[in-house]
$ cat structure.tsv   # TSV, C-alpha atoms
chain	number	residue	atom	x	y	z
A	1	MET	CA	93.93	-68.06	25.42
A	2	GLY	CA	93.90	-71.41	23.69
A	3	ILE	CA	93.21	-70.25	20.13
A	4	GLU	CA	95.16	-68.91	17.18
A	5	GLY	CA	94.19	-67.12	13.99
A	6	ARG	CA	92.05	-64.17	13.01
A	7	ILE	CA	88.55	-63.75	14.47
A	8	PHE	CA	85.84	-62.34	12.17
A	9	VAL	CA	83.01	-60.46	13.91
A	10	THR	CA	79.68	-59.37	12.44
A	11	GLY	CA	77.53	-56.88	14.32
A	12	ALA	CA	80.70	-55.19	15.57
A	13	THR	CA	79.07	-51.76	15.84
A	14	GLY	CA	76.22	-53.01	18.01
A	15	PHE	CA	75.83	-52.62	21.76
A	16	ILE	CA	77.35	-55.99	22.65
A	17	GLY	CA	79.45	-56.33	19.50
A	18	ALA	CA	81.50	-53.20	20.16
A	19	ARG	CA	82.45	-54.53	23.61
A	20	VAL	CA	83.37	-57.91	22.15
A	21	VAL	CA	85.70	-56.25	19.64
A	22	GLN	CA	87.29	-54.06	22.34
A	23	PHE	CA	87.97	-56.99	24.65
A	24	LEU	CA	89.27	-59.22	21.84
A	25	LEU	CA	91.82	-56.54	20.99
A	26	ASP	CA	92.68	-56.12	24.66
A	27	ARG	CA	93.48	-59.84	24.71
A	28	GLU	CA	95.72	-59.39	21.65
A	29	HIS	CA	93.60	-61.29	19.17
A	30	GLN	CA	93.62	-60.44	15.47
A	31	VAL	CA	90.17	-59.11	14.66
A	32	ALA	CA	88.35	-58.47	11.40
A	33	VAL	CA	84.93	-56.82	11.30
A	34	LEU	CA	82.18	-56.50	8.70
A	35	LEU	CA	81.05	-52.91	8.20
A	36	ARG	CA	78.62	-51.42	5.69
A	37	LYS	CA	79.94	-47.88	6.21
A	38	PRO	CA	83.25	-47.82	8.09
A	39	GLY	CA	83.12	-44.05	8.41
A	40	VAL	CA	80.04	-44.16	10.67
A	41	ALA	CA	81.11	-46.95	13.02
A	42	ARG	CA	80.72	-44.72	16.07
A	43	ARG	CA	81.04	-47.27	18.85
A	44	ILE	CA	84.33	-48.68	17.51
A	45	ALA	CA	85.74	-45.58	15.79
A	46	ALA	CA	88.75	-45.42	18.11
A	47	LEU	CA	89.57	-49.08	17.42
A	48	MET	CA	89.59	-48.87	13.63
A	49	PRO	CA	93.40	-48.61	13.19
A	50	ARG	CA	93.74	-51.95	14.98
A	51	LEU	CA	91.11	-53.80	12.94
A	52	ASP	CA	90.94	-55.51	9.57
A	53	VAL	CA	87.84	-54.03	7.97
A	54	VAL	CA	85.72	-56.03	5.54
A	55	GLU	CA	83.44	-53.57	3.79
A	56	GLY	CA	80.13	-55.07	2.77
A	57	ASP	CA	76.51	-55.80	3.59
A	58	LEU	CA	75.60	-58.84	5.68
A	59	PHE	CA	72.53	-59.32	3.47
A	60	ASP	CA	74.70	-59.45	0.33
A	61	LEU	CA	77.23	-62.27	0.50
A	62	ALA	CA	78.86	-61.26	-2.78
A	63	SER	CA	79.75	-57.85	-1.30
A	64	TYR	CA	82.17	-59.32	1.24
A	65	ALA	CA	82.89	-62.99	0.45
A	66	ARG	CA	86.09	-62.39	-1.56
A	67	GLN	CA	87.51	-60.03	1.06
A	68	LEU	CA	86.88	-62.57	3.79
A	69	GLU	CA	88.43	-65.34	1.74
A	70	LEU	CA	91.66	-63.30	1.52
A	71	LEU	CA	91.71	-62.75	5.28
A	72	ALA	CA	91.09	-66.46	5.97
A	73	PRO	CA	89.63	-66.18	9.50
A	74	ALA	CA	89.97	-69.12	11.85
A	75	HIS	CA	86.92	-68.17	13.94
A	76	ILE	CA	83.62	-66.41	13.30
A	77	ILE	CA	81.48	-64.64	15.90
A	78	HIS	CA	78.15	-63.83	14.27
A	79	LEU	CA	76.43	-61.05	16.22
A	80	GLY	CA	74.88	-59.13	13.32
A	81	TRP	CA	71.08	-59.09	13.21
A	82	ALA	CA	68.56	-56.54	11.97
A	83	GLY	CA	65.21	-55.78	13.58
A	84	VAL	CA	65.91	-56.64	17.20
A	85	ALA	CA	63.46	-54.25	18.86
A	86	GLY	CA	59.85	-53.13	18.78
A	87	ALA	CA	57.58	-53.88	15.85
A	88	SER	CA	60.54	-55.06	13.76
A	89	ARG	CA	60.51	-58.30	15.73
A	90	ASN	CA	57.44	-59.40	13.79
A	91	GLU	CA	58.38	-58.09	10.34
A	92	ALA	CA	59.41	-60.11	7.29
A	93	LEU	CA	62.90	-58.69	7.73
A	94	GLN	CA	63.49	-61.63	10.06
A	95	TYR	CA	63.45	-64.01	7.08
A	96	ARG	CA	66.38	-62.08	5.59
A	97	ASN	CA	68.29	-62.50	8.84
A	98	VAL	CA	68.00	-66.26	8.51
A	99	MET	CA	69.20	-66.21	4.91
A	100	ALA	CA	72.15	-63.97	5.81
A	101	PHE	CA	73.03	-66.40	8.59
A	102	VAL	CA	72.87	-69.38	6.23
A	103	ASP	CA	75.04	-67.57	3.66
A	104	LEU	CA	77.69	-66.79	6.26
A	105	MET	CA	77.58	-70.34	7.59
A	106	ASP	CA	78.10	-71.79	4.12
A	107	LEU	CA	80.96	-69.35	3.51
A	108	ALA	CA	82.54	-70.46	6.80
A	109	LEU	CA	82.48	-74.04	5.58
A	110	ARG	CA	84.12	-73.09	2.29
A	111	LEU	CA	86.82	-71.15	4.13
A	112	GLY	CA	87.64	-73.97	6.52
A	113	VAL	CA	86.81	-71.98	9.65
A	114	HIS	CA	87.72	-73.77	12.90
A	115	HIS	CA	84.88	-72.56	15.15
A	116	PHE	CA	81.57	-70.79	14.51
A	117	VAL	CA	79.79	-68.90	17.31
A	118	GLY	CA	76.29	-67.49	16.81
A	119	LEU	CA	74.24	-65.22	19.06
A	120	GLY	CA	70.79	-66.47	19.89
A	121	SER	CA	68.17	-65.02	22.22
A	122	GLN	CA	65.94	-65.88	25.15
A	123	ALA	CA	63.14	-65.06	22.68
A	124	GLU	CA	63.64	-68.57	21.31
A	125	TYR	CA	62.10	-69.93	24.52
A	126	GLY	CA	58.95	-67.84	24.24
A	127	THR	CA	56.66	-67.43	27.26
A	128	HIS	CA	57.98	-69.24	30.31
A	129	SER	CA	58.01	-68.48	33.99
A	130	GLY	CA	61.03	-69.25	36.12
A	131	ARG	CA	64.62	-70.33	35.77
A	132	LEU	CA	65.47	-71.77	32.35
A	133	ASN	CA	68.26	-74.11	31.35
A	134	GLU	CA	69.18	-75.09	27.81
A	135	THR	CA	66.76	-78.04	27.78
A	136	ALA	CA	63.68	-75.83	28.27
A	137	LEU	CA	60.97	-76.06	25.63
A	138	VAL	CA	61.51	-73.62	22.75
A	139	ARG	CA	58.25	-72.03	21.58
A	140	PRO	CA	58.95	-68.50	20.29
A	141	THR	CA	56.08	-66.03	20.15
A	142	THR	CA	57.72	-63.55	17.73
A	143	LEU	CA	59.20	-63.85	14.25
A	144	TYR	CA	62.45	-62.63	15.80
A	145	GLY	CA	62.54	-65.57	18.21
A	146	ALA	CA	61.46	-67.96	15.46
A	147	ALA	CA	64.19	-66.68	13.12
A	148	LYS	CA	66.85	-67.09	15.80
A	149	LEU	CA	65.64	-70.61	16.53
A	150	ALA	CA	65.50	-71.50	12.82
A	151	SER	CA	69.09	-70.29	12.43
A	152	TYR	CA	70.20	-72.44	15.33
A	153	VAL	CA	68.45	-75.58	14.06
A	154	LEU	CA	69.91	-75.15	10.55
A	155	ALA	CA	73.41	-74.50	11.85
A	156	GLU	CA	73.37	-77.30	14.40
A	157	ARG	CA	72.66	-79.89	11.70
A	158	ARG	CA	74.66	-78.34	8.86
A	159	LEU	CA	77.81	-77.74	10.89
A	160	ALA	CA	77.57	-81.08	12.70
A	161	LEU	CA	77.45	-82.88	9.36
A	162	ALA	CA	80.55	-80.96	8.30
A	163	SER	CA	82.31	-81.46	11.69
A	164	LEU	CA	82.69	-77.71	12.22
A	165	PRO	CA	82.53	-76.91	15.97
A	166	PHE	CA	79.55	-74.66	16.71
A	167	ALA	CA	78.33	-72.71	19.74
A	168	TRP	CA	75.00	-70.91	20.12
A	169	ILE	CA	74.64	-68.34	22.92
A	170	ARG	CA	71.11	-67.43	24.01
A	171	VAL	CA	71.30	-63.94	25.47
A	172	PHE	CA	68.85	-62.81	28.12
A	173	SER	CA	68.57	-59.10	29.07
A	174	THR	CA	71.70	-56.96	28.94
A	175	PHE	CA	72.26	-53.32	29.89
A	176	GLY	CA	75.03	-50.76	30.17
A	177	PRO	CA	76.49	-47.53	28.81
A	178	ASP	CA	75.60	-46.67	25.22
A	179	ASP	CA	72.73	-49.14	25.05
A	180	ASP	CA	69.95	-48.51	22.54
A	181	PRO	CA	67.59	-45.78	23.84
A	182	GLY	CA	64.44	-47.91	23.57
A	183	THR	CA	65.45	-50.40	26.27
A	184	MET	CA	63.79	-50.17	29.67
A	185	ILE	CA	66.86	-49.12	31.64
A	186	SER	CA	67.92	-46.57	29.00
A	187	TYR	CA	64.43	-45.08	28.83
A	188	LEU	CA	64.12	-44.95	32.61
A	189	THR	CA	67.53	-43.36	33.16
A	190	SER	CA	67.00	-40.82	30.40
A	191	ALA	CA	63.60	-39.79	31.75
A	192	LEU	CA	64.83	-39.40	35.31
A	193	LEU	CA	67.91	-37.44	34.32
A	194	LYS	CA	65.56	-35.04	32.50
A	195	ARG	CA	63.42	-34.84	35.68
A	196	GLU	CA	60.51	-36.51	33.91
A	197	ARG	CA	58.11	-38.98	35.54
A	198	PRO	CA	58.53	-42.34	33.77
A	199	ARG	CA	55.37	-44.29	33.03
A	200	LEU	CA	55.79	-47.84	34.29
A	201	THR	CA	54.00	-51.10	34.93
A	202	ALA	CA	53.55	-52.21	38.53
A	203	GLY	CA	57.09	-53.61	38.39
A	204	GLU	CA	56.26	-57.05	39.78
A	205	GLN	CA	58.21	-58.87	37.05
A	206	LYS	CA	61.40	-60.72	37.96
A	207	TRP	CA	64.01	-60.37	35.20
A	208	ASP	CA	67.60	-61.44	34.75
A	209	TYR	CA	69.82	-58.47	33.81
A	210	LEU	CA	73.50	-58.81	32.85
A	211	TYR	CA	75.95	-55.93	32.52
A	212	VAL	CA	77.21	-55.62	28.94
A	213	ASP	CA	80.92	-56.07	29.75
A	214	ASP	CA	80.13	-59.40	31.39
A	215	ALA	CA	78.12	-60.44	28.33
A	216	ALA	CA	80.99	-59.59	25.98
A	217	ARG	CA	83.53	-61.46	28.10
A	218	ALA	CA	81.24	-64.50	28.17
A	219	ILE	CA	81.12	-64.60	24.37
A	220	ILE	CA	84.91	-64.37	24.22
A	221	ALA	CA	85.19	-67.11	26.84
A	222	VAL	CA	83.16	-69.41	24.58
A	223	VAL	CA	85.51	-68.66	21.68
A	224	GLU	CA	88.69	-69.11	23.69
A	225	ALA	CA	87.45	-72.36	25.25
A	226	HIS	CA	86.46	-73.61	21.79
A	227	ALA	CA	83.16	-74.52	23.47
A	228	THR	CA	80.32	-76.15	21.56
A	229	GLY	CA	76.60	-76.49	22.12
A	230	VAL	CA	73.86	-74.16	23.38
A	231	PHE	CA	74.55	-71.80	26.27
A	232	ASN	CA	72.25	-69.48	28.18
A	233	LEU	CA	73.83	-66.09	28.91
A	234	GLY	CA	72.53	-64.03	31.81
A	235	SER	CA	73.53	-63.12	35.32
A	236	GLY	CA	71.94	-66.26	36.73
A	237	TYR	CA	69.74	-64.26	39.08
A	238	ALA	CA	66.38	-62.54	38.57
A	239	HIS	CA	65.69	-59.22	40.31
A	240	ARG	CA	62.23	-57.80	40.83
A	241	LEU	CA	61.82	-55.03	38.26
A	242	ARG	CA	60.62	-52.62	40.90
A	243	HIS	CA	63.99	-53.00	42.66
A	244	VAL	CA	65.86	-52.31	39.41
A	245	ILE	CA	63.79	-49.18	38.77
A	246	GLU	CA	64.11	-47.86	42.31
A	247	THR	CA	67.86	-48.45	42.28
A	248	VAL	CA	68.23	-46.33	39.13
A	249	ARG	CA	66.00	-43.61	40.62
A	250	ASP	CA	67.96	-43.55	43.89
A	251	LEU	CA	71.26	-43.24	42.03
A	252	ILE	CA	69.91	-40.11	40.33
A	253	ASP	CA	67.67	-38.54	42.99
A	254	PRO	CA	65.67	-40.50	45.60
A	255	SER	CA	62.98	-37.79	45.63
A	256	LEU	CA	61.99	-38.27	41.97
A	257	PRO	CA	58.49	-39.73	41.40
A	258	LEU	CA	57.96	-43.04	39.60
A	259	GLY	CA	54.81	-43.87	37.66
A	260	PHE	CA	54.30	-47.42	38.87
A	261	GLY	CA	51.07	-48.94	37.58
A	262	GLU	CA	50.51	-46.29	34.91
A	263	LEU	CA	51.11	-48.86	32.16
A	264	ALA	CA	49.23	-52.14	31.88
A	265	TYR	CA	51.11	-55.39	31.44
A	266	ARG	CA	51.20	-56.69	27.88
A	267	GLN	CA	48.96	-59.63	27.11
A	268	ASP	CA	52.03	-61.85	26.68
A	269	GLN	CA	53.95	-60.27	29.59
A	270	VAL	CA	56.75	-62.47	30.93
A	271	MET	CA	56.66	-62.23	34.73
A	272	HIS	CA	59.74	-64.30	35.60
A	273	LEU	CA	62.70	-64.64	33.24
A	274	GLU	CA	65.91	-66.09	34.67
A	275	ALA	CA	68.86	-67.83	33.02
A	276	ASP	CA	70.45	-70.96	34.41
A	277	ILE	CA	74.10	-70.31	33.46
A	278	THR	CA	75.57	-73.47	34.99
A	279	LYS	CA	76.50	-74.97	31.64
A	280	LEU	CA	78.26	-71.80	30.46
A	281	LYS	CA	80.25	-71.47	33.68
A	282	ASN	CA	81.26	-75.13	33.69
A	283	SER	CA	82.29	-75.10	30.01
A	284	THR	CA	84.31	-71.87	30.01
A	285	GLY	CA	85.12	-70.83	33.58
A	286	TRP	CA	83.33	-67.52	33.01
A	287	VAL	CA	81.44	-65.86	35.84
A	288	PRO	CA	79.89	-62.38	35.97
A	289	ARG	CA	82.13	-59.71	37.51
A	290	TYR	CA	79.55	-56.98	38.07
A	291	SER	CA	76.60	-56.97	40.42
A	292	LEU	CA	73.35	-55.43	39.22
A	293	GLU	CA	73.96	-52.39	41.42
A	294	GLU	CA	77.52	-51.88	40.15
A	295	GLY	CA	76.39	-52.11	36.54
A	296	LEU	CA	73.53	-49.68	37.10
A	297	ALA	CA	75.87	-47.16	38.76
A	298	LEU	CA	78.24	-47.31	35.79
A	299	THR	CA	75.34	-46.90	33.38
A	300	VAL	CA	73.82	-43.93	35.20
A	301	ASN	CA	77.22	-42.21	35.46
A	302	TRP	CA	77.79	-42.64	31.74
A	303	MET	CA	74.35	-41.28	30.87
A	304	ARG	CA	74.89	-38.31	33.19
A	305	GLY	CA	77.73	-37.29	30.91
A	306	ILE	CA	75.33	-37.35	27.95
A	307	PHE	CA	72.39	-35.47	29.46
A	308	LEU	CA	74.01	-33.11	31.97

$ encode --input "structure.tsv" --output "structure tokens"
Amino acid sequence: MGIEGRIFVTGATGFIGARVVQFLLDREHQVAVLLRKPGVARRIAALMPRLDVVEGDLFDLASYARQLELLAPAHIIHLGWAGVAGASRNEALQYRNVMAFVDLMDLALRLGVHHFVGLGSQAEYGTHSGRLNETALVRPTTLYGAAKLASYVLAERRLALASLPFAWIRVFSTFGPDDDPGTMISYLTSALLKRERPRLTAGEQKWDYLYVDDAARAIIAVVEAHATGVFNLGSGYAHRLRHVIETVRDLIDPSLPLGFGELAYRQDQVMHLEADITKLKNSTGWVPRYSLEEGLALTVNWMRGIFL
């Protein structure tokens, strides 16, 4: 695995974070997690006996700093972020995310952490069309994207000056079991399982979707390789959205109607979003294990158990 010492994870109860924690434990790493309310950590409830729990609020450094100092982690994976969907992406809450990030970064320096990994977003790039590598122009169109980018710029300079190795992973679209209900694939699958007609755009967009287990393993690969720099995280291939939607429908019932064209495209609609993952693969040896179709089948089967 190439690393030693405890790994501290924020955002451990999130969609990707819970998978990261699971796979870290599977690989026999020591893991500590930050939780506001340990008793309601649903996604990682079964893992709690194997974790070191730091109880505190990411937005309140004083609530967890002393506990983390006693645990003395060697690595930090910062996945925690509030306001990642909908209208929250343009709310002032994003400023607090940046401050929480800076506080954690400064604490990492005081603790002598060996490697700091932060989770960025394709939202940092803003409106582009086509395949993007890490040198693409960053021009975010939301406060969420701007806050992620600001965090990266601050950390890149601050940690470089302190010689603390730093990696920043820009995540494109992920999906899988237990995803948040507002995402496109979750909404679509839920509607179809309830025999409802989903309202959709024309589906001409080409988007890069990565199964959540592959995303989690990529993050761990960055940690274990002690990799540094910016990395795009996606599948490396963009599928036409209509194909994604029809695949989900056919897995449930090919006769179900789809409301293509019933929704207009947004004014800032991204029509082609695709990650160039060459740098990530070359730096860590990671490659996706799941095809789009395999991931969708696993997701639909999981959601069947919820709705049926």

$ atom_distance --input "structure.tsv" --atom1 "atom CA of Ile306 of chain A" --atom2 "atom CA of Leu241 of chain A"
24.5 Å

$ closest_residue --input "structure.tsv" --among "A:Thr189, A:Ser151, A:Ser63, A:Gln94" --to "Glu246 of chain A" --atoms "only C-alpha atoms"
A:Thr189

$ closest_residue --input "structure.tsv" --among "A:Thr13, A:Asn282, A:Gln22, A:Gln269" --to "Glu204 of chain A" --atoms "all atoms listed in the file"
A:Gln269

$ residues_around --input "structure.tsv" --residues "segment 225-227 of chain A" --least-positions-apart "4" --cutoff "12 Å" --atoms "all atoms listed in the file" --output "number ranges by chain"
A: 1-4, 74-77, 114-118, 164-169, 217-221, 231, 279-286

$ closest_residue --input "structure.tsv" --among "A:Ala62, A:Val287, A:Leu258, A:Val31" --to "Ala191 of chain A" --atoms "only C-alpha atoms"
A:Leu258

$ atom_distance --input "structure.tsv" --atom1 "atom CA of Val113 of chain A" --atom2 "atom CA of Ala12 of chain A"
18.8 Å
